[in-house]
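Chemist: Next up, entry-v8.tsv (TSV, C-alpha atoms and all ligand atoms).
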```
chain	number	residue	atom	x	y	z
K	1333	MET	CA	1.93	-22.55	-18.01
K	1334	SER	CA	5.19	-21.01	-16.96
K	1335	THR	CA	5.09	-17.29	-16.40
K	1336	ASN	CA	7.18	-14.68	-14.70
K	1337	ARG	CA	4.36	-12.15	-14.59
K	1338	LEU	CA	3.70	-11.30	-10.96
K	1339	ILE	CA	0.84	-9.51	-9.23
K	1340	ALA	CA	1.86	-8.86	-5.63
K	1341	GLY	CA	-0.23	-7.28	-2.88
K	1342	ASN	CA	1.54	-5.17	-0.28
K	1343	TRP	CA	-0.60	-4.98	2.84
K	1344	LYS	CA	1.83	-2.48	4.44
K	1345	MET	CA	1.02	-2.01	8.17
K	1346	ASN	CA	-2.51	-3.37	7.77
K	1347	GLY	CA	-3.87	-6.71	8.84
K	1348	LEU	CA	-4.76	-8.64	11.97
K	1349	ALA	CA	-5.51	-12.35	12.22
K	1350	ALA	CA	-9.16	-11.72	11.26
K	1351	ASP	CA	-8.02	-10.32	7.90
K	1352	LEU	CA	-6.58	-13.68	6.90
K	1353	ALA	CA	-10.14	-14.40	5.75
K	1354	GLU	CA	-9.35	-12.15	2.76
K	1355	ALA	CA	-6.31	-14.26	1.88
K	1356	LYS	CA	-8.40	-17.40	2.16
K	1357	ALA	CA	-11.15	-15.94	-0.02
K	1358	LEU	CA	-8.54	-14.99	-2.63
K	1359	ALA	CA	-7.06	-18.49	-2.63
K	1360	GLU	CA	-10.47	-20.10	-2.92
K	1361	ALA	CA	-11.49	-17.88	-5.82
K	1362	LEU	CA	-8.26	-18.65	-7.68
K	1363	ALA	CA	-8.34	-22.38	-6.95
K	1364	GLY	CA	-10.31	-23.37	-10.01
K	1365	GLU	CA	-8.63	-20.96	-12.42
K	1366	ALA	CA	-5.74	-21.67	-14.77
K	1367	ALA	CA	-2.78	-19.68	-13.47
K	1368	THR	CA	-1.59	-17.26	-16.13
K	1369	THR	CA	0.25	-15.08	-13.66
K	1370	ARG	CA	1.92	-15.52	-10.28
K	1371	VAL	CA	0.00	-14.03	-7.37
K	1372	ALA	CA	1.52	-13.06	-4.03
K	1373	LEU	CA	0.46	-11.40	-0.80
K	1374	CYS	CA	2.93	-9.53	1.41
K	1375	PRO	CA	1.27	-9.20	4.83
K	1376	PRO	CA	2.90	-7.76	7.93
K	1377	ALA	CA	5.59	-10.14	9.23
K	1378	THR	CA	3.36	-11.05	12.18
K	1379	LEU	CA	0.89	-12.75	9.83
K	1380	ILE	CA	3.26	-14.63	7.52
K	1381	ALA	CA	3.25	-17.94	9.40
K	1382	GLN	CA	-0.53	-17.98	9.82
K	1383	MET	CA	-1.07	-16.97	6.21
K	1384	ASN	CA	1.31	-19.70	5.12
K	1385	TRP	CA	-0.87	-22.20	6.94
K	1386	GLN	CA	-4.07	-20.74	5.48
K	1387	LEU	CA	-2.64	-20.86	1.95
K	1388	ARG	CA	-0.98	-24.26	2.25
K	1389	ASP	CA	-2.98	-25.77	-0.62
K	1390	SER	CA	-2.90	-22.63	-2.75
K	1391	THR	CA	-0.65	-21.27	-5.49
K	1392	VAL	CA	-0.76	-17.82	-3.84
K	1393	GLU	CA	2.79	-16.97	-2.72
K	1394	ILE	CA	3.82	-15.01	0.36
K	1395	GLY	CA	6.31	-12.18	0.77
K	1396	GLY	CA	7.77	-10.01	3.50
K	1397	GLN	CA	7.88	-6.22	3.26
K	1398	ASP	CA	11.49	-5.65	4.32
K	1399	CYS	CA	14.34	-7.60	5.88
K	1400	SER	CA	17.56	-6.85	7.70
K	1401	ASP	CA	20.85	-6.88	5.83
K	1402	LYS	CA	22.27	-8.87	8.77
K	1403	ALA	CA	21.91	-12.63	9.15
K	1404	SER	CA	21.28	-12.62	12.92
K	1405	GLY	CA	22.42	-11.00	16.15
K	1406	ALA	CA	21.78	-8.10	18.50
K	1407	TYR	CA	19.45	-6.03	16.29
K	1408	THR	CA	16.35	-5.50	18.40
K	1409	GLY	CA	13.17	-5.25	16.39
K	1410	ASP	CA	14.73	-6.29	13.09
K	1411	ILE	CA	13.73	-9.36	11.09
K	1412	SER	CA	16.18	-11.40	9.05
K	1413	ALA	CA	15.57	-12.85	5.61
K	1414	ALA	CA	15.97	-16.35	7.01
K	1415	MET	CA	13.21	-15.62	9.55
K	1416	LEU	CA	10.84	-14.58	6.74
K	1417	LYS	CA	11.72	-17.70	4.82
K	1418	ASP	CA	11.29	-19.86	7.91
K	1419	ALA	CA	7.83	-18.37	8.51
K	1420	GLY	CA	6.75	-19.27	4.98
K	1421	ALA	CA	7.70	-16.36	2.69
K	1422	ASN	CA	9.46	-16.92	-0.63
K	1423	LEU	CA	9.52	-13.25	-1.68
K	1424	VAL	CA	10.44	-9.97	-0.01
K	1425	ILE	CA	9.75	-6.36	-0.99
K	1426	LEU	CA	12.89	-4.25	-0.55
K	1427	GLY	CA	13.56	-0.52	-0.88
K	1428	HIS	CA	9.89	0.52	-0.85
K	1429	SER	CA	9.69	4.32	-0.91
K	1430	GLU	CA	8.02	4.23	2.51
K	1431	ARG	CA	11.22	2.55	3.78
K	1432	ARG	CA	13.54	4.82	1.80
K	1433	ALA	CA	11.77	8.02	2.92
K	1434	GLY	CA	10.53	7.01	6.37
K	1435	HIS	CA	13.53	4.97	7.52
K	1436	GLY	CA	16.36	6.61	5.59
K	1437	GLU	CA	17.20	3.54	3.51
K	1438	THR	CA	19.77	4.37	0.85
K	1439	ASP	CA	20.42	2.51	-2.40
K	1440	ALA	CA	23.42	0.87	-0.68
K	1441	ASP	CA	21.20	-0.25	2.21
K	1442	VAL	CA	18.73	-1.73	-0.28
K	1443	ALA	CA	21.50	-3.55	-2.16
K	1444	ALA	CA	22.77	-5.04	1.13
K	1445	ARG	CA	19.25	-6.26	1.96
K	1446	VAL	CA	18.97	-7.79	-1.51
K	1447	GLU	CA	22.19	-9.74	-0.83
K	1448	ALA	CA	20.77	-10.96	2.49
K	1449	ALA	CA	17.49	-11.99	0.84
K	1450	LEU	CA	19.30	-13.94	-1.87
K	1451	ALA	CA	21.48	-15.66	0.72
K	1452	ALA	CA	18.34	-16.85	2.51
K	1453	GLY	CA	16.71	-18.05	-0.71
K	1454	LEU	CA	14.14	-15.25	-0.95
K	1455	GLU	CA	13.19	-13.62	-4.24
K	1456	PRO	CA	13.51	-9.84	-3.89
K	1457	ILE	CA	11.09	-7.30	-5.32
K	1458	ILE	CA	13.24	-4.16	-5.50
K	1459	CYS	CA	11.34	-0.87	-5.54
K	1460	VAL	CA	12.36	2.36	-7.26
K	1461	GLY	CA	10.47	5.54	-8.05
K	1462	GLU	CA	10.73	9.30	-8.33
K	1463	THR	CA	9.09	11.93	-6.12
K	1464	LEU	CA	6.72	14.53	-7.54
K	1465	ALA	CA	9.42	17.20	-7.34
K	1466	GLU	CA	11.80	14.98	-9.29
K	1467	ARG	CA	9.16	14.29	-11.96
K	1468	GLU	CA	8.28	17.96	-12.27
K	1469	ALA	CA	11.96	18.76	-12.69
K	1470	GLY	CA	12.06	16.32	-15.63
K	1471	ARG	CA	14.32	13.94	-13.70
K	1472	ALA	CA	12.13	10.81	-13.39
K	1473	VAL	CA	14.13	8.64	-15.79
K	1474	GLU	CA	17.47	9.80	-14.39
K	1475	VAL	CA	16.44	9.20	-10.75
K	1476	VAL	CA	14.92	5.79	-11.38
K	1477	SER	CA	17.83	4.62	-13.56
K	1478	SER	CA	20.30	5.62	-10.88
K	1479	GLN	CA	18.28	3.81	-8.19
K	1480	VAL	CA	18.30	0.65	-10.32
K	1481	MET	CA	22.06	0.85	-10.92
K	1482	ALA	CA	22.84	1.35	-7.22
K	1483	SER	CA	20.17	-0.87	-5.59
K	1484	LEU	CA	20.74	-4.04	-7.65
K	1485	PRO	CA	23.85	-5.99	-6.59
K	1486	GLU	CA	25.66	-7.93	-9.32
K	1487	SER	CA	24.82	-11.16	-7.49
K	1488	LEU	CA	21.26	-10.87	-8.86
K	1489	SER	CA	22.51	-12.19	-12.19
K	1490	GLY	CA	20.97	-15.60	-12.77
K	1491	ARG	CA	18.65	-15.28	-9.76
K	1492	ALA	CA	14.88	-14.82	-9.68
K	1493	PHE	CA	13.88	-11.26	-8.79
K	1494	ALA	CA	11.61	-8.41	-9.83
K	1495	VAL	CA	11.93	-4.64	-9.96
K	1496	ALA	CA	8.90	-2.50	-9.09
K	1497	TYR	CA	8.53	1.00	-10.49
K	1498	GLU	CA	6.43	2.93	-7.99
K	1499	PRO	CA	6.27	6.69	-8.55
K	1500	VAL	CA	6.11	8.08	-5.00
K	1501	TRP	CA	3.42	10.59	-5.96
K	1502	ALA	CA	1.15	7.82	-7.28
K	1503	ILE	CA	1.18	5.73	-4.09
K	1504	GLY	CA	-2.08	5.89	-2.18
K	1505	THR	CA	-3.16	9.05	-4.02
K	1506	GLY	CA	-5.40	7.73	-6.78
K	1507	LEU	CA	-3.07	9.44	-9.25
K	1508	THR	CA	-1.30	7.42	-11.92
K	1509	PRO	CA	1.20	8.37	-14.62
K	1510	THR	CA	-0.03	8.32	-18.21
K	1511	LEU	CA	0.51	5.05	-20.05
K	1512	GLU	CA	3.21	6.81	-22.09
K	1513	GLN	CA	5.00	7.86	-18.90
K	1514	ILE	CA	4.82	4.31	-17.55
K	1515	GLU	CA	6.20	2.94	-20.83
K	1516	GLU	CA	9.03	5.49	-20.85
K	1517	VAL	CA	10.16	4.70	-17.30
K	1518	HIS	CA	9.81	0.93	-17.69
K	1519	ALA	CA	12.00	1.09	-20.80
K	1520	ALA	CA	14.57	3.06	-18.80
K	1521	VAL	CA	14.38	0.57	-15.92
K	1522	ARG	CA	14.99	-2.31	-18.35
K	1523	ALA	CA	17.95	-0.48	-19.90
K	1524	ALA	CA	19.45	0.16	-16.46
K	1525	MET	CA	18.90	-3.49	-15.43
K	1526	VAL	CA	20.74	-4.66	-18.55
K	1527	ALA	CA	23.50	-2.07	-18.05
K	1528	ARG	CA	23.93	-3.34	-14.49
K	1529	LEU	CA	23.48	-7.11	-14.95
K	1530	SER	CA	23.97	-7.73	-18.69
K	1531	GLU	CA	21.96	-10.81	-19.73
K	1532	GLY	CA	20.91	-11.27	-16.10
K	1533	GLY	CA	18.85	-8.09	-16.36
K	1534	ARG	CA	16.84	-9.04	-19.44
K	1535	THR	CA	14.09	-11.29	-18.18
K	1536	ALA	CA	13.13	-10.32	-14.62
K	1537	PRO	CA	9.67	-8.71	-14.62
K	1538	ILE	CA	9.26	-4.99	-14.02
K	1539	LEU	CA	6.13	-4.40	-11.94
K	1540	TYR	CA	4.22	-1.14	-11.90
K	1541	GLY	CA	2.92	0.11	-8.54
K	1542	GLY	CA	0.94	3.16	-7.46
K	1543	SER	CA	-2.87	3.36	-7.33
K	1544	VAL	CA	-3.44	0.19	-9.37
K	1545	LYS	CA	-7.16	-0.60	-9.14
K	1546	PRO	CA	-9.51	-3.07	-10.86
K	1547	ASN	CA	-10.62	-0.31	-13.26
K	1548	ASN	CA	-7.14	0.72	-14.48
K	1549	ALA	CA	-5.25	-2.56	-14.19
K	1550	ALA	CA	-5.94	-3.89	-17.70
K	1551	GLU	CA	-4.58	-0.83	-19.51
K	1552	ILE	CA	-1.54	-0.54	-17.24
K	1553	LEU	CA	-0.71	-4.25	-17.49
K	1554	ALA	CA	-0.87	-4.04	-21.29
K	1555	VAL	CA	1.93	-1.45	-21.46
K	1556	LEU	CA	5.20	-2.67	-22.98
K	1557	GLU	CA	7.60	-3.95	-20.29
K	1558	VAL	CA	4.96	-3.94	-17.55
K	1559	GLY	CA	5.40	-7.47	-16.19
K	1560	GLY	CA	2.95	-7.25	-13.33
K	1561	ALA	CA	1.85	-4.99	-10.50
K	1562	LEU	CA	2.65	-4.17	-6.90
K	1563	VAL	CA	-0.66	-3.27	-5.31
K	1564	GLY	CA	-1.24	-1.54	-1.97
K	1565	GLY	CA	-4.76	-0.51	-0.93
K	1566	ALA	CA	-6.57	-2.63	-3.51
K	1567	SER	CA	-4.87	-5.81	-2.26
K	1568	LEU	CA	-6.51	-5.66	1.16
K	1569	LYS	CA	-9.87	-6.96	-0.06
K	1570	ALA	CA	-10.03	-10.19	-2.04
K	1571	THR	CA	-12.69	-8.85	-4.43
K	1572	ASP	CA	-10.60	-5.80	-5.41
K	1573	PHE	CA	-7.39	-7.79	-5.73
K	1574	LEU	CA	-9.16	-10.43	-7.84
K	1575	GLY	CA	-10.34	-7.69	-10.17
K	1576	ILE	CA	-6.73	-6.74	-10.78
K	1577	ILE	CA	-5.51	-10.32	-11.14
K	1578	ARG	CA	-8.24	-11.10	-13.66
K	1579	ALA	CA	-7.28	-8.04	-15.69
K	1580	ALA	CA	-3.73	-9.39	-16.11
V	1601	LIG	P1	-1.34	1.83	-3.53
V	1601	LIG	O1	-1.75	0.75	-4.48
V	1601	LIG	O2	-2.18	1.88	-2.29
V	1601	LIG	O3	-1.20	3.15	-4.23
V	1601	LIG	O4	0.13	1.45	-2.99
V	1601	LIG	C1	1.12	1.13	-3.90
V	1601	LIG	C2	2.29	0.60	-3.15
V	1601	LIG	O5	2.98	1.30	-2.46
V	1601	LIG	C3	2.54	-0.86	-3.25
V	1601	LIG	O6	3.78	-1.17	-2.71
```
Just dump the structure as structure tokens.
Ligand code: 13P

Modeler:
Amino acid sequence: MSTNRLIAGNWKMNGLAADLAEAKALAEALAGEAATTRVALCPPATLIAQMNWQLRDSTVEIGGQDCSDKASGAYTGDISAAMLKDAGANLVILGHSERRAGHGETDADVAARVEAALAAGLEPIICVGETLAEREAGRAVEVVSSQVMASLPESLSGRAFAVAYEPVWAIGTGLTPTLEQIEEVHAAVRAAMVARLSEGGRTAPILYGGSVKPNNAAEILAVLEVGGALVGGASLKATDFLGIIRAA
């Protein structure tokens, strides 16, 4: 069945070679199941090539967690989109709030990385989300809409990509917005995608991220315009991640 629903696991800065056993366990558990949703793991860049080998017979896809906006050159420590692709990734998370806040990435920086990812043939997952202060000031929809408008380059039209709504205050905290709040922001994200990309913004999935667990996944994934999930902590163990995938 063709689907553009996507459940992606973001391992963040977690994972050594021994943890590839979790990826293998996930792939083995999913092997006999009819795929109703795309499943991806985004390990640290150091594990992509090994994970690609481990998952060679699996439908589980692989993503990076960031890439440079440059194609190559004297940028010590940076990783290009082509390098991620070469190692076996077909997706890349861009503009995660931990990159925006911790590394000063602006919307323009994110848009430039999206261009680089597209040029290398990677499918970007572009993250947006408000802080607690912004939500409490009643500015969540405004902030997220403006991030979508400024982080999505026009070249995304006609290309495969996803947007992930991750409220910063819900990441790693166990807190989640109400289902009504998720629906409200996802509707605003869709409107901003269409305003930015016209028809090209209508079909890409909008993932929800922030404390998605096996016990809340079903209700979150049933919300209008929630086209999947971006999962942090609960993607590190195959059993937890499977619980979320099976709720989709
Ligand atoms: P948690 O699922 O650990 O809250 O992380 C969400 C996230 O940041 C995924 O990118």

Chemist: Measuring between all atoms listed in the file, which one of K:Thr1463, K:Ser1567, K:Asn1384, K:Ser1483 shows the shortest distance to Glu1430 of chain K?

Modeler: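 Looking only at the distances to Glu1430 of chain K, the closest residue turns out to be K:Thr1463.
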
Chemist: Enumerate residues in contact with ligand LIG 1601 (chain V): an atom-to-atom distance of at most 9 Å, counting all atoms listed in the file. Format the result as an MDAnalysis selection string.

Modeler: chainID K and resid 1340:1344 1397 1425 1428:1430 1459 1496 1498:1508 1540:1545 1561:1567

Chemist: I'd like the neighbourhood of Ala1440 of chain K as a VMD selection string, where a residue qualifies if any of its atoms comes within 10 Å (using only C-alpha atoms), though same-chain residues fewer than 4 positions away should be ignored.

Modeler: chain K and resid 1427 1444 to 1446 1479 1482 to 1485

Chemist: Which residue gives the smallest distance to Ser1489 of chain K among K:Ile1380, K:Ala1536, K:Ala1443, K:Ala1449, with only C-alpha atoms counted?

Modeler: K:Ala1536

Chemist: Could you please determine the separation between atom CA of Glu1531 of chain K and atom CA of Gly1490 of chain K in Å, to one decimal place?

Modeler: 8.5 Å

Chemist: Write out as an MDAnalysis selection string which residues come within 9 Å of Lys1569 of chain K when counting all atoms listed in the file, dropping same-chain ones fewer than 3 positions away.

Modeler: chainID K and resid 1351 1354:1355 1358 1565:1566 1572:1574

Chemist: Which of these residues is nearest to Asp1439 of chain K, using all atoms listed in the file: K:Ala1359, K:Ala1414, K:Val1480, K:Ile1576?

Modeler: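 Result for the nearest residue to Asp1439 of chain K: K:Val1480.
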
Chemist: Env of Ser1477 of chain K: 9 Å cut, atoms = all atoms listed in the file, seq-sep filter 2 positions within chain, self excluded. Answer as a PDB file with C-alpha atoms, keeping the file's coordinate frame.

Modeler:
```pdb
ATOM      1  CA  VAL K1460      12.360   2.360  -7.260  1.00  0.00           C
ATOM      2  CA  ALA K1472      12.130  10.810 -13.390  1.00  0.00           C
ATOM      3  CA  VAL K1473      14.130   8.640 -15.790  1.00  0.00           C
ATOM      4  CA  GLU K1474      17.470   9.800 -14.390  1.00  0.00           C
ATOM      5  CA  VAL K1475      16.440   9.200 -10.750  1.00  0.00           C
ATOM      6  CA  GLN K1479      18.280   3.810  -8.190  1.00  0.00           C
ATOM      7  CA  VAL K1480      18.300   0.650 -10.320  1.00  0.00           C
ATOM      8  CA  MET K1481      22.060   0.850 -10.920  1.00  0.00           C
ATOM      9  CA  ALA K1482      22.840   1.350  -7.220  1.00  0.00           C
ATOM     10  CA  VAL K1517      10.160   4.700 -17.300  1.00  0.00           C
ATOM     11  CA  ALA K1520      14.570   3.060 -18.800  1.00  0.00           C
ATOM     12  CA  VAL K1521      14.380   0.570 -15.920  1.00  0.00           C
ATOM     13  CA  ARG K1522      14.990  -2.310 -18.350  1.00  0.00           C
ATOM     14  CA  ALA K1523      17.950  -0.480 -19.900  1.00  0.00           C
ATOM     15  CA  ALA K1524      19.450   0.160 -16.460  1.00  0.00           C
ATOM     16  CA  MET K1525      18.900  -3.490 -15.430  1.00  0.00           C
TER      17      MET K1525
END
```

Chemist: Interatomic distance between atom CA of Leu1568 of chain K and atom CA of Thr1408 of chain K?

Modeler: 28.6 Å

Chemist: Could you jot down the atom CA of Glu1557 of chain K to atom CA of Gly1434 of chain K separation for me, Å, one decimal place?

Modeler: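 Rounded to one decimal, the two atoms are 29.0 Å apart.
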
Chemist: Give me, as a VMD selection string, all polymer residues having an atom no more than 12 Å from Ala1448 of chain K, counting all atoms listed in the file and skipping those fewer than 6 positions away in the same chain.

Modeler: chain K and resid 1398 to 1404 1411 to 1417 1424 1426 1441 to 1442 1454 to 1456 1485 1487 to 1488

Chemist: Considering only C-alpha atoms, return as a ChimeraX atom specification whatever protein or nucleic-acid residues lie within 8 Å of His1518 of chain K, sequence-local ones (same chain, fewer than 5 positions apart) excluded.

Modeler: /K:1497,1538,1556-1558

Chemist: With all atoms listed in the file as the atoms that count, which of K:Gly1396, K:Ala1527, K:Ala1451, K:Thr1335 lies nearest to Ser1478 of chain K?

Modeler: K:Ala1527

Chemist: Which residue is closest to Val1495 of chain K? Choose from K:Ser1530, K:Thr1510, K:Asn1422, K:Thr1535 and count all atoms listed in the file.

Modeler: K:Thr1535
